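Structure data (compact mmCIF, C-alpha atoms and all ligand atoms) from my_file01.txt:
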# COMPACT_ATOMS: atom_id res chain seq x y z
CA SER A 1 -118.95 39.54 -100.39
CA PRO A 2 -121.55 42.26 -99.69
CA LEU A 3 -123.22 40.14 -96.97
CA SER A 4 -119.85 39.52 -95.35
CA SER A 5 -119.10 43.24 -94.96
CA TRP A 6 -122.70 43.80 -93.83
CA LEU A 7 -122.19 41.13 -91.13
CA THR A 8 -118.95 42.81 -89.99
CA GLN A 9 -120.73 46.18 -89.74
CA LEU A 10 -123.80 44.73 -88.01
CA PRO A 11 -123.76 45.75 -84.31
CA LYS A 12 -123.34 42.52 -82.33
CA ILE A 13 -123.46 41.20 -78.75
CA GLU A 14 -121.46 38.24 -77.38
CA LEU A 15 -122.88 36.14 -74.53
CA HIS A 16 -120.76 32.96 -74.67
CA LEU A 17 -117.02 33.54 -74.75
CA HIS A 18 -114.32 31.93 -72.61
CA LEU A 19 -111.48 34.45 -72.17
CA GLU A 20 -108.97 31.57 -71.93
CA GLY A 21 -110.32 30.42 -75.29
CA SER A 22 -109.39 33.71 -76.92
CA LEU A 23 -105.67 33.08 -76.33
CA GLU A 24 -104.20 33.25 -79.85
CA PRO A 25 -101.11 31.16 -80.77
CA GLN A 26 -98.88 34.26 -81.01
CA MET A 27 -99.80 35.43 -77.51
CA LEU A 28 -99.40 31.85 -76.27
CA PHE A 29 -95.76 31.89 -77.41
CA ASP A 30 -95.11 35.44 -76.20
CA LEU A 31 -96.43 34.67 -72.71
CA ALA A 32 -94.55 31.35 -72.57
CA VAL A 33 -91.32 33.28 -73.15
CA ARG A 34 -92.29 36.10 -70.76
CA ASN A 35 -93.10 33.65 -67.94
CA ASN A 36 -90.55 30.96 -68.77
CA VAL A 37 -93.22 28.26 -69.25
CA ASP A 38 -92.39 25.15 -71.34
CA LEU A 39 -94.77 24.40 -74.22
CA PRO A 40 -95.02 21.17 -76.22
CA TYR A 41 -95.00 23.25 -79.44
CA VAL A 42 -92.08 25.04 -81.08
CA ASN A 43 -94.02 27.11 -83.64
CA VAL A 44 -97.50 28.23 -84.74
CA GLN A 45 -97.61 25.42 -87.30
CA GLU A 46 -97.35 22.81 -84.55
CA VAL A 47 -100.07 24.58 -82.57
CA THR A 48 -102.37 24.56 -85.58
CA LYS A 49 -101.68 20.84 -85.97
CA ALA A 50 -102.55 20.20 -82.31
CA PHE A 51 -105.87 22.04 -82.74
CA GLN A 52 -107.54 19.15 -84.62
CA PHE A 53 -110.26 18.11 -82.20
CA THR A 54 -113.07 15.65 -82.74
CA GLN A 55 -114.63 15.94 -79.28
CA LEU A 56 -114.91 18.25 -76.28
CA GLN A 57 -112.36 16.44 -74.06
CA ASP A 58 -109.60 16.56 -76.71
CA PHE A 59 -110.06 20.32 -76.90
CA LEU A 60 -110.21 20.80 -73.12
CA ASP A 61 -106.90 18.97 -72.56
CA ILE A 62 -105.09 21.41 -74.86
CA TYR A 63 -107.03 24.44 -73.63
CA TYR A 64 -106.11 23.84 -69.97
CA GLN A 65 -102.48 23.20 -70.85
CA ALA A 66 -102.22 26.43 -72.87
CA ALA A 67 -103.78 28.43 -70.01
CA GLN A 68 -100.66 27.72 -67.93
CA VAL A 69 -98.85 30.57 -69.69
CA LEU A 70 -101.21 33.01 -67.92
CA VAL A 71 -99.46 33.96 -64.68
CA THR A 72 -99.49 37.68 -63.86
CA GLU A 73 -102.22 40.30 -63.64
CA GLN A 74 -100.72 41.87 -66.77
CA ASP A 75 -101.16 38.55 -68.63
CA PHE A 76 -104.88 38.47 -67.81
CA TYR A 77 -105.15 42.12 -68.77
CA ASP A 78 -103.42 41.53 -72.12
CA LEU A 79 -105.58 38.48 -72.90
CA THR A 80 -108.81 40.38 -72.19
CA TRP A 81 -107.66 43.53 -73.99
CA ALA A 82 -106.75 41.60 -77.15
CA TYR A 83 -110.26 40.10 -77.16
CA LEU A 84 -111.84 43.54 -76.75
CA LEU A 85 -109.80 44.94 -79.65
CA LYS A 86 -111.14 42.11 -81.79
CA CYS A 87 -114.66 43.01 -80.66
CA LYS A 88 -114.04 46.63 -81.67
CA GLU A 89 -112.90 45.47 -85.12
CA GLN A 90 -116.07 43.42 -85.57
CA ASN A 91 -118.51 45.96 -84.10
CA VAL A 92 -119.31 43.86 -81.02
CA LEU A 93 -120.80 46.44 -78.61
CA HIS A 94 -121.49 44.39 -75.49
CA VAL A 95 -119.86 41.22 -74.11
CA GLU A 96 -120.45 38.86 -71.18
CA PRO A 97 -117.23 36.84 -70.97
CA PHE A 98 -116.55 33.74 -68.87
CA PHE A 99 -113.37 32.94 -67.00
CA ASP A 100 -112.34 29.71 -65.24
CA PRO A 101 -110.67 30.66 -61.91
CA GLN A 102 -109.91 27.06 -60.89
CA THR A 103 -107.70 26.59 -63.97
CA HIS A 104 -105.42 29.22 -62.44
CA THR A 105 -105.88 28.94 -58.66
CA ASP A 106 -105.17 25.17 -58.82
CA ARG A 107 -101.62 25.97 -60.03
CA GLY A 108 -100.97 28.70 -57.49
CA VAL A 109 -102.14 31.86 -59.27
CA ALA A 110 -104.16 34.01 -56.85
CA PHE A 111 -107.86 34.59 -57.55
CA SER A 112 -107.22 38.35 -57.17
CA THR A 113 -104.52 38.27 -59.87
CA VAL A 114 -106.94 36.73 -62.35
CA ILE A 115 -109.99 38.87 -61.67
CA ASN A 116 -108.14 42.18 -61.25
CA GLY A 117 -106.37 41.80 -64.60
CA ILE A 118 -109.59 40.91 -66.39
CA ASP A 119 -111.62 43.61 -64.64
CA GLN A 120 -109.11 46.37 -65.43
CA ALA A 121 -109.22 45.51 -69.14
CA LEU A 122 -113.05 45.43 -69.11
CA THR A 123 -113.09 48.86 -67.41
CA ASP A 124 -110.69 50.23 -70.04
CA GLY A 125 -112.80 48.58 -72.75
CA LYS A 126 -115.81 50.54 -71.59
CA GLU A 127 -113.92 53.84 -71.35
CA LYS A 128 -111.67 53.66 -74.42
CA LEU A 129 -113.63 51.40 -76.81
CA GLY A 130 -117.23 51.96 -75.70
CA ILE A 131 -117.72 48.20 -75.18
CA SER A 132 -119.90 47.40 -72.16
CA SER A 133 -119.52 44.11 -70.31
CA GLU A 134 -120.77 41.82 -67.54
CA LEU A 135 -118.33 39.21 -66.18
CA ILE A 136 -119.30 35.59 -65.42
CA MET A 137 -117.19 33.18 -63.33
CA CYS A 138 -117.44 29.52 -64.33
CA PHE A 139 -116.99 26.47 -62.12
CA LEU A 140 -115.23 23.49 -63.69
CA ARG A 141 -117.73 20.63 -63.55
CA HIS A 142 -115.07 17.88 -63.65
CA LEU A 143 -113.92 19.12 -60.22
CA ASP A 144 -115.96 18.50 -57.06
CA GLU A 145 -118.57 20.56 -55.23
CA LYS A 146 -116.08 21.42 -52.48
CA SER A 147 -113.71 23.06 -54.93
CA ALA A 148 -116.60 25.06 -56.40
CA PHE A 149 -117.61 26.26 -52.91
CA GLU A 150 -113.99 27.28 -52.21
CA THR A 151 -113.94 29.23 -55.46
CA LEU A 152 -117.17 31.03 -54.57
CA GLU A 153 -115.62 31.87 -51.20
CA GLN A 154 -112.54 33.35 -52.93
CA ALA A 155 -114.88 35.48 -55.07
CA MET A 156 -116.58 37.07 -52.05
CA PRO A 157 -114.39 40.22 -51.94
CA PHE A 158 -114.97 40.72 -55.68
CA LEU A 159 -118.75 40.25 -55.98
CA ALA A 160 -119.15 43.80 -57.33
CA LYS A 161 -117.06 42.78 -60.36
CA LEU A 162 -119.20 39.70 -61.11
CA LYS A 163 -122.68 39.46 -62.64
CA GLY A 164 -123.09 35.72 -62.49
CA VAL A 165 -121.71 32.21 -62.27
CA GLY A 166 -121.61 29.51 -64.92
CA LEU A 167 -120.67 25.85 -65.35
CA ASP A 168 -118.29 24.52 -67.99
CA SER A 169 -115.74 21.77 -68.84
CA SER A 170 -116.51 18.04 -69.38
CA GLU A 171 -120.29 17.65 -69.58
CA LEU A 172 -120.67 13.85 -69.81
CA GLY A 173 -120.58 12.30 -66.32
CA HIS A 174 -121.03 15.69 -64.63
CA PRO A 175 -124.73 16.62 -64.62
CA PRO A 176 -125.82 20.12 -63.51
CA GLU A 177 -127.38 18.91 -60.24
CA LYS A 178 -123.87 18.07 -58.94
CA PHE A 179 -123.69 21.83 -58.28
CA SER A 180 -127.23 22.58 -57.03
CA ARG A 181 -126.08 23.74 -53.59
CA VAL A 182 -123.25 25.93 -54.81
CA PHE A 183 -125.55 27.60 -57.35
CA ALA A 184 -128.17 28.17 -54.63
CA LYS A 185 -125.51 29.94 -52.57
CA ALA A 186 -124.47 32.04 -55.59
CA ARG A 187 -128.10 33.10 -56.16
CA GLU A 188 -128.42 34.06 -52.47
CA LEU A 189 -125.42 36.33 -53.02
CA GLY A 190 -127.31 38.08 -55.82
CA LEU A 191 -125.52 36.42 -58.73
CA LEU A 192 -127.35 35.28 -61.87
CA THR A 193 -126.70 31.75 -63.13
CA VAL A 194 -125.99 30.08 -66.48
CA ALA A 195 -124.72 26.60 -67.35
CA HIS A 196 -123.35 24.70 -70.32
CA ALA A 197 -125.94 22.00 -71.02
CA GLY A 198 -126.96 19.95 -74.03
CA GLU A 199 -123.68 20.41 -75.91
CA GLU A 200 -122.42 16.80 -75.72
CA GLY A 201 -124.85 15.94 -72.92
CA PRO A 202 -128.53 14.95 -73.25
CA ALA A 203 -131.63 17.16 -73.22
CA GLU A 204 -132.19 15.97 -69.63
CA PHE A 205 -129.19 18.11 -68.56
CA ILE A 206 -130.97 21.18 -69.96
CA TRP A 207 -133.98 20.40 -67.78
CA THR A 208 -131.82 20.06 -64.66
CA ALA A 209 -129.87 23.23 -65.47
CA ILE A 210 -133.24 25.03 -65.57
CA ASN A 211 -134.95 23.30 -62.64
CA ASP A 212 -132.05 22.68 -60.25
CA LEU A 213 -129.61 25.49 -61.07
CA LYS A 214 -132.34 28.02 -62.00
CA VAL A 215 -130.34 29.35 -64.92
CA SER A 216 -131.27 32.54 -66.77
CA ARG A 217 -129.72 31.20 -69.98
CA VAL A 218 -128.55 27.82 -71.26
CA ASP A 219 -125.09 27.73 -72.88
CA HIS A 220 -125.17 25.67 -76.11
CA GLY A 221 -128.47 23.79 -75.53
CA VAL A 222 -128.61 22.49 -79.11
CA ASN A 223 -129.49 18.95 -77.96
CA ALA A 224 -132.87 20.35 -76.82
CA ILE A 225 -134.04 19.29 -80.28
CA GLN A 226 -134.17 15.67 -78.97
CA ASP A 227 -137.05 16.50 -76.57
CA PRO A 228 -140.30 17.97 -78.00
CA GLU A 229 -141.60 18.92 -74.53
CA LEU A 230 -138.41 20.83 -73.84
CA ILE A 231 -138.69 22.64 -77.17
CA THR A 232 -142.23 23.72 -76.23
CA TYR A 233 -140.97 24.88 -72.82
CA LEU A 234 -138.07 26.85 -74.31
CA ARG A 235 -140.43 28.57 -76.75
CA GLN A 236 -143.08 29.41 -74.13
CA THR A 237 -140.60 30.77 -71.59
CA GLN A 238 -138.24 32.32 -74.17
CA MET A 239 -135.34 30.76 -72.27
CA PRO A 240 -132.25 31.89 -74.24
CA LEU A 241 -129.72 29.48 -75.74
CA THR A 242 -126.18 30.78 -76.39
CA VAL A 243 -125.32 28.78 -79.49
CA CYS A 244 -121.76 28.55 -80.88
CA PRO A 245 -121.79 27.35 -84.50
CA LEU A 246 -118.04 27.04 -85.24
CA SER A 247 -117.46 25.39 -81.85
CA ASN A 248 -120.17 22.82 -82.57
CA THR A 249 -118.71 21.78 -85.93
CA LYS A 250 -115.11 21.80 -84.66
CA LEU A 251 -116.07 19.49 -81.75
CA LYS A 252 -118.35 17.40 -83.99
CA VAL A 253 -121.60 18.13 -82.18
CA PHE A 254 -122.68 18.54 -85.83
CA GLU A 255 -120.61 16.90 -88.57
CA HIS A 256 -121.08 19.80 -91.02
CA MET A 257 -122.46 23.32 -90.66
CA GLN A 258 -125.24 22.33 -93.10
CA GLN A 259 -126.53 20.05 -90.32
CA HIS A 260 -126.53 22.74 -87.63
CA ASN A 261 -129.99 23.29 -86.13
CA ILE A 262 -129.74 26.96 -85.08
CA LEU A 263 -131.97 28.26 -87.87
CA ASP A 264 -134.50 25.47 -87.24
CA LEU A 265 -134.62 26.57 -83.58
CA LEU A 266 -134.97 30.19 -84.71
CA ALA A 267 -137.89 29.22 -86.97
CA LEU A 268 -139.49 27.53 -83.95
CA ASP A 269 -139.36 30.93 -82.20
CA ILE A 270 -136.77 29.82 -79.65
CA CYS A 271 -134.51 32.58 -78.30
CA VAL A 272 -131.26 31.42 -79.94
CA THR A 273 -128.16 33.64 -80.13
CA VAL A 274 -124.82 33.42 -82.01
CA ASN A 275 -121.52 33.31 -80.09
CA SER A 276 -117.89 32.28 -80.60
CA ASP A 277 -117.12 30.16 -77.44
CA ASP A 278 -113.32 29.75 -77.85
CA PRO A 279 -112.48 31.74 -80.99
CA SER A 280 -108.74 31.07 -81.12
CA TYR A 281 -109.39 27.31 -81.06
CA PHE A 282 -112.52 27.03 -83.18
CA GLY A 283 -111.72 29.18 -86.19
CA GLY A 284 -113.26 32.57 -85.61
CA TYR A 285 -114.85 35.37 -83.64
CA MET A 286 -118.39 36.73 -83.95
CA THR A 287 -118.31 37.77 -87.61
CA GLU A 288 -116.85 34.42 -88.72
CA ASN A 289 -119.62 32.59 -86.87
CA PHE A 290 -122.29 34.59 -88.68
CA GLU A 291 -120.43 34.14 -91.99
CA ALA A 292 -120.33 30.37 -91.50
CA LEU A 293 -124.13 30.37 -91.11
CA ALA A 294 -124.50 32.52 -94.23
CA GLN A 295 -122.34 30.14 -96.25
CA ALA A 296 -123.74 26.82 -95.08
CA LEU A 297 -127.34 27.67 -94.23
CA ASP A 298 -128.10 30.76 -96.34
CA LEU A 299 -128.58 32.97 -93.28
CA ASN A 300 -130.24 36.19 -94.48
CA GLN A 301 -130.23 39.72 -93.05
CA THR A 302 -133.65 39.35 -91.38
CA GLN A 303 -132.48 36.23 -89.53
CA ALA A 304 -129.16 37.86 -88.54
CA ILE A 305 -130.98 40.89 -87.10
CA LYS A 306 -133.35 38.65 -85.14
CA LEU A 307 -130.39 36.69 -83.72
CA VAL A 308 -128.81 39.93 -82.47
CA GLN A 309 -132.13 41.13 -81.02
CA ASN A 310 -132.35 37.83 -79.15
CA SER A 311 -128.89 38.52 -77.68
CA ILE A 312 -130.01 41.95 -76.46
CA THR A 313 -133.10 40.39 -74.84
CA ALA A 314 -130.96 37.65 -73.26
CA SER A 315 -128.20 39.93 -72.01
CA PHE A 316 -127.57 40.75 -68.33
CA CYS A 317 -127.02 44.49 -68.89
CA ASP A 318 -129.41 47.05 -67.40
CA GLU A 319 -132.50 48.36 -69.20
CA GLN A 320 -130.83 51.63 -70.16
CA ARG A 321 -127.97 49.83 -71.91
CA LYS A 322 -130.48 47.51 -73.61
CA GLN A 323 -132.26 50.58 -75.00
CA GLU A 324 -128.95 51.95 -76.31
CA LEU A 325 -128.15 48.62 -77.97
CA THR A 326 -131.57 48.26 -79.61
N1 LIG B 401 -117.83 23.37 -73.35
C1 LIG B 401 -117.44 23.08 -72.11
N2 LIG B 401 -116.43 23.68 -71.52
C2 LIG B 401 -115.78 24.64 -72.18
C3 LIG B 401 -116.15 25.00 -73.45
C4 LIG B 401 -117.24 24.34 -74.08
O1 LIG B 401 -117.64 24.59 -75.23
N3 LIG B 401 -115.28 25.97 -73.84
C5 LIG B 401 -114.46 26.20 -72.81
N4 LIG B 401 -114.76 25.39 -71.80
ZN ZN B 402 -118.46 27.37 -73.81

Take the structure in the file and give it back as structure tokens.
Ligand code: HPA
Ligand code: ZN
Amino acid sequence: SPLSSWLTQLPKIELHLHLEGSLEPQMLFDLAVRNNVDLPYVNVQEVTKAFQFTQLQDFLDIYYQAAQVLVTEQDFYDLTWAYLLKCKEQNVLHVEPFFDPQTHTDRGVAFSTVINGIDQALTDGKEKLGISSELIMCFLRHLDEKSAFETLEQAMPFLAKLKGVGLDSSELGHPPEKFSRVFAKARELGLLTVAHAGEEGPAEFIWTAINDLKVSRVDHGVNAIQDPELITYLRQTQMPLTVCPLSNTKLKVFEHMQQHNILDLLALDICVTVNSDDPSYFGGYMTENFEALAQALDLNQTQAIKLVQNSITASFCDEQRKQELT
């Protein structure tokens, strides 16, 4: 459709993307062979069948298992490069990807292997594709504070390659304040902070992400709608929310896209943005997320442009790059 090609051409920014979640089934099989890792699937059809989630934990179990095929620096380079090529195809000009070091260091892959592979691809992405980036390291919230501190310690020689830290994995039972001290240390080191909050968890977790972790953005945050005072706060402070429409319907945060609240939040003048989260698991990259909103919620061009402007405002790039993107 005309809108669909307009959405592909539209210059876009991505602020909520897990690199491990951009591992496509074909690369999963190729890397399993390359590294001699056993997979519980024999073909792409079986993978597709396994990707039928109805909640966050079901997805996470499969996502962590698949990540085991990532072993060498080249693997992390290839994963990141494939994502950047997709961005190029969809006119995504700036990205702020997440990675989960503990998923790899806990099975013996060195922190340096992970970050050097990712960083080299991001550097090449800037030079060869013109895509700028800022990298964010996430702590796994189902693990303890000690493990998060150890991970921050491992990151110390690489601080120049990192813009911030984030918090992801199983939200229920793991409130943001579990990581208050580690986030305070990260801020002392000059890192910005973000956290997943209000995806499956309550609006209260958005408050504690803001007040205890001092986040610059909230990842997901759609459950803010349950708390009118929080909605007022988010509007007044223009605290950005990195919303992921296809992720939310795949994990049944909303039963159908028609029920998604992103355009209601936009109408309330909250700084919402569109992102893909884990595109190989949830059915699409940036363009497909915008297209899903166009199909289910009649997203128009004015709204799409505002959503991208919000992403520029919310991004961690410098003022000069923001000017170029505007
Ligand atoms: N939520 C929490 N953890 C995650 C997600 C998510 O949407 N994607 C990858 N890790
Ligand atoms: Zn996420």

Any chance you could tabulate, as CSV, the residues of stretch 63-172 of chain A at most 12 Å from stretch 285-303 of chain A with each one's nearest atom pair and distance in Å to one decimal, using only C-alpha atoms, in chain and rising number order?
residue,atom,partner,partner_atom,distance
A:Tyr83,CA,A:Tyr285,CA,9.2
A:Leu84,CA,A:Tyr285,CA,11.1
A:Leu85,CA,A:Tyr285,CA,11.5
A:Lys86,CA,A:Tyr285,CA,7.9
A:Cys87,CA,A:Met286,CA,8.0
A:Lys88,CA,A:Met286,CA,11.1
A:Glu89,CA,A:Thr287,CA,9.7
A:Gln90,CA,A:Thr287,CA,6.4
A:Asn91,CA,A:Thr287,CA,8.9
A:Val92,CA,A:Met286,CA,7.8
A:Leu93,CA,A:Met286,CA,11.3
A:His94,CA,A:Met286,CA,11.8
A:Val95,CA,A:Met286,CA,10.9

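In terms of minimum interatomic distance to A:Ser180, A:Phe149 ranks closest within A:Phe149, A:Phe99, A:Trp81, A:Phe76, counting all atoms listed in the file.
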
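Neighbours of ligand ZN 402 (chain B) at a cut-off of 7 Å, computed so that only C-alpha atoms and all ligand atoms are counted, are the residues His16, Leu17, His18, Asp168, His196, Asp219, Asp277 and Asp278 of chain A.
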
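When atom CA of A:Val165 is paired with atom CA of A:Ile312, their separation reads 19.1 Å.
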
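Using all atoms listed in the file for every distance, the candidate list A:Gly117, A:Asp106, A:Gly164, A:Gly125 yields A:Asp106 as the residue closest to A:Thr151.
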
- Task: Just the residues within 12 Å of A:Met27, please, counting only C-alpha atoms, with nothing from its chain fewer than 3 positions along; format it as a count of residues only.
- Result: 27

Report as JSON the centre and the edge lengths, in Å to one decimal, of the axis-aligned box holding every listed atom of ligand LIG 401 (chain B), padded by 4 Å on each side.
{"center_x": -116.1, "center_y": 24.6, "center_z": -73.4, "size_x": 11.4, "size_y": 11.1, "size_z": 11.7}

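Atom pair atom CA of A:Phe53 / atom CA of A:Glu134: separated by 29.8 Å.
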
- Given all atoms listed in the file as the counted atoms, nearest of A:Pro2, A:Thr273, A:Glu127, A:Leu191 to A:Phe158: A:Leu191

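Proximity ranking of A:Ile305, A:Ile115, A:Leu159, A:Leu246 relative to ligand LIG 401 (chain B) places A:Leu246 first, based on all atoms listed in the file.
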
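Shortest separation to A:Leu325 among A:Ala110, A:Ala148, A:Ile131, A:Leu122 occurs at residue A:Ile131, atoms counted being all atoms listed in the file.
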
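Shortest separation to A:Lys12 among A:Ser247, A:Ser315, A:Tyr233, A:Gln74 occurs at residue A:Ser315, atoms counted being all atoms listed in the file.
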